[in-house]
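What follows is a set of notes on a single structure, which appears directly below.
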Amino acid sequence: MPKKFELVVEQTATMETEPEALAAEATAAGAPEPVTSEILDEDEAEFAKLRRDLPGVKGASAVGIVTILVTNKPPKNEFLRTHPTFCPEVQLVTNEEGMDKHFYAIATEMEVPLRSIGINFALHKLYLTTTPKGAVRIFPINCEIENEWNRTKEIGLLEARTAWYRLYSDKENSSWRVYPADPGRYADPVWPDLKPSKIFRLAFRDKGRLIDSPEHPLFKKWASRDR
């Protein structure tokens, strides 16, 4: 009997300390840091600071697990839907990398340093889209240029908030056109159950595409300090 009692006590103590032991082992093994409420709060603060469509942030530059693709090319021959409310405005800069063009978000405090080395950026609206197969994309629309390609693409994305559409190029008229899917052809879209700040983090920060410091590799390259 005493031996059984000692065994029970030992097992209980192990169960109480096991989570801490596992956490220590995970840290020692280099496991990813768990997402905590503090990290999510930091995401919210960072996202709010970058946005230009919220009160009190315009002109602030003077003061100095889902895969989310950021692209300006609508999926070829695919229908898409646009999220009805996600449409933040942030400063973006593009960088040609091989055959691809990548978009980088600009932190407020980096706007002046980028201008000082001759790097231009522009305000963009970010439209979140999905396809019937669940491919999630963000389409940036440049708010500072006016042409038919840009204007008609945004019109198509806005129309896709309420129905499935396929965007295709009309090269003769230098514009985008939309083709509607048959009613009932596709089910309602399923959106990622994520806060806007988390969506932004997955699309930009987690891919290294948020320029928030002079030590960012792309800034160092543009400033000729990447050796």
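Quick note on naming: the chains in the structure tokens go A, B, ... in the order shown, residues restart at 1 in each chain, and ligands are numbered from 1 in order of appearance.
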
task: Apply DSSP to the structure's backbone, then extract all residues of range 84-181 of chain A labelled helix (DSSP H, G or I) and return them as a PyMOL selection string.
output: chain A and resi 108-116+148-159+171-173

task: Could you tell me which of A:Leu202, A:Ala107, A:Leu194, A:Ala187 comes closest to Leu80 in chain A if we count only C-alpha atoms?
output: A:Ala187

- line: Counting only C-alpha atoms, closest pick from A:Pro140, A:Gly118, A:Gly134, A:Pro189 relative to Gln91 in chain A is A:Pro140

task: Skip range 151-167 of chain A itself and residues of its chain fewer than 5 positions away, then list as a PyMOL selection string all residues within 9 Å of it, counting only C-alpha atoms.
output: chain A and resi 74-85+127+129+131-132+139+141+146+175-183+185-186+188

- request: Considering only C-alpha atoms, return as a ChimeraX atom specification whatever protein or nucleic-acid residues lie within 9 Å of Lys101 in chain A, sequence-local ones (same chain, fewer than 5 positions apart) excluded.
  value: /A:71-72,94-96

message: Quick one: residues within 12 Å of Pro214 in chain A, only C-alpha atoms, excluding same-chain residues fewer than 6 positions away - as a list in words?
response: Ile106, Ala107, Glu109, Met110, Glu111, Val112, Pro113, Leu114, Ser116, Ile117, Lys220, Lys221, Trp222, Ala223, Ser224, Arg225 and Asp226 of chain A

Write a file of the selected residues as a PDB file, in the first residue's frame, keeping C-alpha atoms.
ATOM      1  CA  ILE A 106       6.781  50.934 -45.390  1.00  0.00           C
ATOM      2  CA  ALA A 107       6.799  51.751 -41.683  1.00  0.00           C
ATOM      3  CA  GLU A 109       9.469  56.106 -39.500  1.00  0.00           C
ATOM      4  CA  MET A 110      11.134  54.834 -42.695  1.00  0.00           C
ATOM      5  CA  GLU A 111       9.367  57.125 -45.146  1.00  0.00           C
ATOM      6  CA  VAL A 112      11.824  60.008 -44.725  1.00  0.00           C
ATOM      7  CA  PRO A 113      14.937  57.771 -44.835  1.00  0.00           C
ATOM      8  CA  LEU A 114      13.672  56.157 -48.046  1.00  0.00           C
ATOM      9  CA  SER A 116      16.487  60.662 -48.615  1.00  0.00           C
ATOM     10  CA  ILE A 117      18.073  57.916 -50.758  1.00  0.00           C
ATOM     11  CA  LYS A 220      20.782  48.474 -47.013  1.00  0.00           C
ATOM     12  CA  LYS A 221      20.984  47.366 -50.654  1.00  0.00           C
ATOM     13  CA  TRP A 222      19.385  50.593 -51.914  1.00  0.00           C
ATOM     14  CA  ALA A 223      21.652  52.634 -49.650  1.00  0.00           C
ATOM     15  CA  SER A 224      24.737  50.700 -50.864  1.00  0.00           C
ATOM     16  CA  ARG A 225      25.405  49.389 -47.361  1.00  0.00           C
ATOM     17  CA  ASP A 226      24.815  45.704 -48.018  1.00  0.00           C
TER      18      ASP A 226
END

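Note that DSSP on the backbone gives strand (DSSP E) to these residues of range 95-163 of chain A: Asn95, Glu96, Glu97, Asp100, Lys101, His102, Phe103, Tyr104, Ala105, Ile106, Ala122, Leu123, His124, Lys125, Leu126, Tyr127, Leu128, Thr129, Thr130, Val136, Arg137, Ile138, Phe139, Pro140, Ile141 and Asn142 of chain A.
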
statement: Computed gap from CA of Leu128 in chain A to CA of Asp206 in chain A is 17.2 Å

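Comparing A:Asp193, A:Asp170, A:Asp212, A:Glu42 by their smallest distance to Thr108 in chain A, the closest is A:Asp212 (using only C-alpha atoms).
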
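Proximity of A:Glu89, A:Pro217, A:Pro196, A:Phe204 to Glu144 in chain A, computed with only C-alpha atoms, is greatest for A:Glu89.
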